[in-house]
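For reference, the structure discussed in these notes is given below.
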Amino acid sequence: MTQPSADSIHSLTQRAILQLAEASDAEALEQWRVAYLGRRGELTNILRGLSGLDMEQRRELGALGNRAKTELEERLAGRTAEVSRAQQDAAFARDRIDVTLPGRPTIQGRLHPTTQIVREITDAFAGMGFSIVEGPEVEWDRYNFEMLNIPEGHPARDMWNSLWVDYRDEGGRQPMLLRTHTSPMQARVMESTQPPVRVVVPGKCYRYEATDATHEWHFYQIEGLAVDEGITFADLKGTLYEFARRLFGEERRVRFRCDYFPFVEPGVDMSIDCFSCDGNGEGCRICRDSGWIEIMGAGMVHPKVLADVGYDTEKYTGFAFGVGPERVAMLKYGIDDIRHFYSNDLRFLSQF
Ligand code: DAH
């Protein structure tokens with residue numbers, strides 16, 4: 001046992017203080033506490049040894065020893081706080097966020113060029129009072145053909161050959177197909193509403209088709225239909241002319257020529273004068289020397305189509321049109337191959 005003396009208490013205290021300064025984590029601090037202040041610690045031993053001394057010495061060294069104990073305890077508390085602060089600072093330094101670093105860019109997509117042009121076209125018609133509706137992509141034969149005056153065996157079915165879905169129920173086989181155009185929505189809309197009707201129908205269509213630069217087996221169409229009392233061919237011309245000017249520029253001229261679609265009479269195709277050569281034609285790649293570019297089919301709704309949905313054909317007339325947005329986009333942006341649209345090549349898509 002250490003012989004208690006003022007010297008031994010003093011030197012023990014000095015040694016303890018020096019050693020405490022070296023302790024730099026919780027474990028070292030605890031070891032230090034056990035070594036000096038613990039139940040068998042050095043200072044504890046000295047204080048315990050006081051009992052063998054005489055009264056005078058015991059009082060004197062006891063006071064000294066207790067002061068030393070208090071001092072060591074205070075220093076331990078101080079050092080403990082210091083160590084934990086240092087550890088915290090180190091952690092902060094390690095985890096610090098540099099708010100001045102530029103952020104990581106988020107990759108932002110954009111609308112597909114078809115979606116962009118579909119919106120542009122439907123917006124143009126919405127501005128003229130048309131509402132926008134959509135319909136099913138898998139369609140009954142009845143709507144895709146029959147209600148459009150294309151009965152079974154009609155030769156026009158050949159140009160809309162498609163992908164059939166064999167559907168059977170108690171009634172037997174119900175012919176169903178991936179719709180070949182958006183025109184079936186004409187009958188669906190008219191069946192569920194009374195005139196006045198003014199709708200545009202954007203949507204996907206499908207055909208059994210060998211693909212090439214101007215043909216895809218799936219593509220979009222935008223159908224249009226207006227039915228009311230007193231609608232004439234002049235309304236058709238005026239509306240479509242205005243559409244052409246909104247999409248292709250104020251100075252556009254349009255041309256209507258007879259065409260055949262079973263669900264309209266008369267039927268037409270509408271062309272705009274070529275915006276690339278301004279209608280001159282010669283040597284123009286876009287209009288192939290003609291000065292005109294066909295952009296859509298249209299016509300006055302066939303009375304049979306109106307009658308089949310129960311409309312009074314003495315009272316109501318209407319016009320319809322169908323436009324291919326990919327074709328419009330190809331013309332507008334000089335795209336040379338329709339297959340670019342759906343080949344998912346970002347080099348193409350990110351240009352729009
Ligand atoms: N459905 C026709 C097609 O796929 C396009 C069309 C032509 C729609 C004339 C019409 C129309 O509404 O009147 O080729």
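Please note that chains go A, B, ... in the order of the structure tokens, that every chain numbers its residues from 1, and that ligands are numbered from 1 in the order shown.
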
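Around ligand 1, using only C-alpha atoms and all ligand atoms and a cut-off of 6 Å, the residues in contact are His181, Ser183, Glu223, Phe261, Val264, Gly297, Ala298, Gly299, Ala320, Phe321 and Gly322 of chain A.
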
(request) Report as a list in words: the residues of region 31-65 of chain A with a DSSP assignment of alpha helix (DSSP H), based on the backbone of this structure. (result)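 Residues meeting the alpha helix (DSSP H) criterion: Gln31, Trp32, Arg33, Val34, Ala35, Tyr36, Leu37, Glu42, Leu43, Thr44, Asn45, Ile46, Leu47, Arg48, Gly49, Met55, Glu56, Gln57, Arg58, Arg59, Glu60, Leu61, Gly62, Ala63, Leu64 and Gly65 of chain A.
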
(message) Can you tell me which residues surround Gly135 (chain A) at a distance of at most 8 Å, considering only C-alpha atoms, apart from same-chain residues fewer than 5 positions away, and format the answer as a PyMOL selection string?
(response) chain A and resi 182+185+201+203

(message) I'd like the contact shell of Gln31 (chain A) - 12 Å cut-off, only C-alpha atoms, skipping same-chain residues fewer than 3 positions apart - returned as a PyMOL selection string.
(response) chain A and resi 16+19-20+22-28+34-38+41+76

Sel. of strand (DSSP E or B) residues, region 26-212 of chain A, as a PDB file with C-alpha atoms, in the first residue's frame:
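Result saved to out-v5.pdb:
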```pdb
ATOM      1  CA  SER A 131     -64.329  18.460 -77.652  1.00  0.00           C
ATOM      2  CA  ILE A 132     -61.726  15.737 -77.376  1.00  0.00           C
ATOM      3  CA  VAL A 138     -59.834  -3.163 -79.752  1.00  0.00           C
ATOM      4  CA  GLU A 139     -63.041  -2.679 -81.642  1.00  0.00           C
ATOM      5  CA  TRP A 140     -66.046  -4.645 -82.851  1.00  0.00           C
ATOM      6  CA  TRP A 164     -58.227  -9.867 -85.685  1.00  0.00           C
ATOM      7  CA  VAL A 165     -59.067 -10.904 -82.184  1.00  0.00           C
ATOM      8  CA  ASP A 166     -61.182 -14.029 -82.015  1.00  0.00           C
ATOM      9  CA  TYR A 167     -63.857 -13.368 -79.447  1.00  0.00           C
ATOM     10  CA  ARG A 168     -66.501 -15.973 -78.598  1.00  0.00           C
ATOM     11  CA  ASP A 169     -69.486 -15.923 -76.280  1.00  0.00           C
ATOM     12  CA  GLY A 172     -71.086 -17.491 -81.129  1.00  0.00           C
ATOM     13  CA  ARG A 173     -68.107 -15.806 -82.664  1.00  0.00           C
ATOM     14  CA  GLN A 174     -68.082 -12.008 -82.448  1.00  0.00           C
ATOM     15  CA  PRO A 175     -65.626 -10.526 -84.884  1.00  0.00           C
ATOM     16  CA  MET A 176     -63.310  -8.093 -83.139  1.00  0.00           C
ATOM     17  CA  LEU A 177     -60.128  -6.431 -84.302  1.00  0.00           C
ATOM     18  CA  LEU A 178     -57.476  -3.886 -83.486  1.00  0.00           C
ATOM     19  CA  VAL A 197     -71.926  16.942 -82.199  1.00  0.00           C
ATOM     20  CA  ARG A 198     -68.444  18.353 -82.466  1.00  0.00           C
ATOM     21  CA  VAL A 199     -65.630  16.006 -81.468  1.00  0.00           C
ATOM     22  CA  VAL A 200     -62.062  15.148 -82.306  1.00  0.00           C
ATOM     23  CA  VAL A 201     -60.797  11.678 -81.451  1.00  0.00           C
ATOM     24  CA  PRO A 202     -57.066  11.087 -81.180  1.00  0.00           C
ATOM     25  CA  GLY A 203     -55.890   7.506 -80.800  1.00  0.00           C
ATOM     26  CA  LYS A 204     -53.852   4.564 -81.933  1.00  0.00           C
ATOM     27  CA  CYS A 205     -54.715   2.447 -84.965  1.00  0.00           C
ATOM     28  CA  TYR A 206     -53.320  -0.807 -86.325  1.00  0.00           C
ATOM     29  CA  ASP A 212     -41.609   1.050 -95.028  1.00  0.00           C
TER      30      ASP A 212
END
```

(request) Please provide the set of residues having any atom within 8 Å of region 150-159 of chain A, restricted to only C-alpha atoms, with same-chain residues fewer than 5 positions apart removed, written as a ChimeraX atom specification. (result) /A:145,262-263

Write to file, as a short mmCIF file (atom, residue, chain, number, x, y, z; two decimals), in the first residue's frame, the residues of the selection just made, with N, CA, C and O atoms.
```
data_model
loop_
_atom_site.label_atom_id
_atom_site.label_comp_id
_atom_site.auth_asym_id
_atom_site.auth_seq_id
_atom_site.Cartn_x
_atom_site.Cartn_y
_atom_site.Cartn_z
N PHE A 145 -66.33 -1.29 -89.16
CA PHE A 145 -66.75 -1.40 -90.56
C PHE A 145 -68.23 -1.14 -90.79
O PHE A 145 -68.60 -0.21 -91.51
N PRO A 262 -66.11 5.09 -97.84
CA PRO A 262 -67.50 4.61 -97.84
C PRO A 262 -68.42 5.37 -96.90
O PRO A 262 -69.63 5.38 -97.11
N PHE A 263 -67.86 5.99 -95.86
CA PHE A 263 -68.71 6.62 -94.84
C PHE A 263 -68.95 8.10 -95.08
O PHE A 263 -69.54 8.78 -94.23
#
```

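Going from CA of Gln351 (chain A) over to CA of Gln108 (chain A), you cover 13.8 Å.
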
(message) Please list as a PyMOL selection string every residue within 9 Å of region 284-290 of chain A, counting only C-alpha atoms and excluding residues in the same chain fewer than 6 positions away.
(response) chain A and resi 273-277+331+334

How would the residues just picked look written out with N, CA, C and O atoms as a PDB file, in the first residue's frame?
```pdb
ATOM      1  N   ASP A 273     -50.832  23.860 -99.881  1.00  0.00           N
ATOM      2  CA  ASP A 273     -49.745  24.180-100.799  1.00  0.00           C
ATOM      3  C   ASP A 273     -48.436  23.994-100.040  1.00  0.00           C
ATOM      4  O   ASP A 273     -48.349  24.223 -98.838  1.00  0.00           O
ATOM      5  N   CYS A 274     -47.428  23.504-100.750  1.00  0.00           N
ATOM      6  CA  CYS A 274     -46.193  23.070-100.103  1.00  0.00           C
ATOM      7  C   CYS A 274     -45.496  24.234 -99.405  1.00  0.00           C
ATOM      8  O   CYS A 274     -45.172  25.248-100.023  1.00  0.00           O
ATOM      9  N   PHE A 275     -45.253  24.070 -98.106  1.00  0.00           N
ATOM     10  CA  PHE A 275     -44.618  25.153 -97.343  1.00  0.00           C
ATOM     11  C   PHE A 275     -43.124  25.191 -97.583  1.00  0.00           C
ATOM     12  O   PHE A 275     -42.454  26.134 -97.217  1.00  0.00           O
ATOM     13  N   SER A 276     -42.604  24.109 -98.228  1.00  0.00           N
ATOM     14  CA  SER A 276     -41.168  24.070 -98.461  1.00  0.00           C
ATOM     15  C   SER A 276     -40.805  24.875 -99.711  1.00  0.00           C
ATOM     16  O   SER A 276     -39.887  25.684 -99.704  1.00  0.00           O
ATOM     17  N   CYS A 277     -41.565  24.674-100.800  1.00  0.00           N
ATOM     18  CA  CYS A 277     -41.245  25.386-102.045  1.00  0.00           C
ATOM     19  C   CYS A 277     -42.289  26.464-102.329  1.00  0.00           C
ATOM     20  O   CYS A 277     -42.303  27.040-103.407  1.00  0.00           O
ATOM     21  N   LEU A 331     -44.070  16.063 -92.170  1.00  0.00           N
ATOM     22  CA  LEU A 331     -44.050  17.213 -93.066  1.00  0.00           C
ATOM     23  C   LEU A 331     -43.508  18.437 -92.342  1.00  0.00           C
ATOM     24  O   LEU A 331     -42.641  19.149 -92.836  1.00  0.00           O
ATOM     25  N   GLY A 334     -39.751  17.726 -91.363  1.00  0.00           N
ATOM     26  CA  GLY A 334     -38.851  17.147 -92.356  1.00  0.00           C
ATOM     27  C   GLY A 334     -38.321  15.775 -91.946  1.00  0.00           C
ATOM     28  O   GLY A 334     -37.149  15.469 -92.146  1.00  0.00           O
TER      29      GLY A 334
END
```

(message) So the first atom is CA of Thr13 (chain A) and the second is CA of Gln88 (chain A); what is the distance between them in Å, to one decimal place?
(response) 28.9 Å

(message) Taking only C-alpha atoms into account, name the residue in A:Leu18, A:Ala93, A:Ile121, A:Ile107 that is nearest to Arg246 (chain A).
(response)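 Closest candidate: A:Ile121.
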
(message) I need the residue nearest Gly238 (chain A) from this list: A:Arg67, A:Arg110, A:Arg255, A:Arg58. Use only C-alpha atoms for the distance.
(response) A:Arg255

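Residues with any atom within 8 Å of Leu64 (chain A), counting only C-alpha atoms and excluding same-chain neighbours fewer than 4 positions away, are Ala6, Ile9, Glu60 and Ala68 of chain A.
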
Restricted to N, CA and C atoms, what would the selected residues look like written as a PDB file, in the first residue's frame?
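Output saved as part_6.pdb:
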```pdb
ATOM      1  N   ALA A   6       1.985  13.997   1.987  1.00  0.00           N
ATOM      2  CA  ALA A   6       1.645  15.139   1.143  1.00  0.00           C
ATOM      3  C   ALA A   6       2.312  15.000  -0.212  1.00  0.00           C
ATOM      4  N   ILE A   9       0.605  12.300  -2.399  1.00  0.00           N
ATOM      5  CA  ILE A   9      -0.662  12.806  -2.941  1.00  0.00           C
ATOM      6  C   ILE A   9      -0.393  13.792  -4.070  1.00  0.00           C
ATOM      7  N   GLU A  60      -4.859  16.592   8.290  1.00  0.00           N
ATOM      8  CA  GLU A  60      -4.109  17.345   7.283  1.00  0.00           C
ATOM      9  C   GLU A  60      -4.123  16.625   5.933  1.00  0.00           C
ATOM     10  N   ALA A  68      -7.608  16.618  -3.587  1.00  0.00           N
ATOM     11  CA  ALA A  68      -7.062  15.959  -4.781  1.00  0.00           C
ATOM     12  C   ALA A  68      -8.161  15.162  -5.487  1.00  0.00           C
TER      13      ALA A  68
END
```

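Relative to CA of Trp292 (chain A), CA of Glu326 (chain A) is found at 17.8 Å.
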
(request) Point out the residue among A:Glu216, A:Val254, A:Thr232, A:Ala187 with the least atom-to-atom distance to Asp269 (chain A), counting only C-alpha atoms. (result)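 Checking each candidate against Asp269 (chain A), we get A:Val254 as the closest.
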
(request) Go through A:Thr239, A:Gln116, A:Thr180, A:Asn344 one by one, measure the shortest atom-to-atom distance of each to Leu225 (chain A) using only C-alpha atoms, and give the residue with the smallest value. (result)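 The shortest atom-to-atom distance to Leu225 (chain A) comes from A:Thr239.
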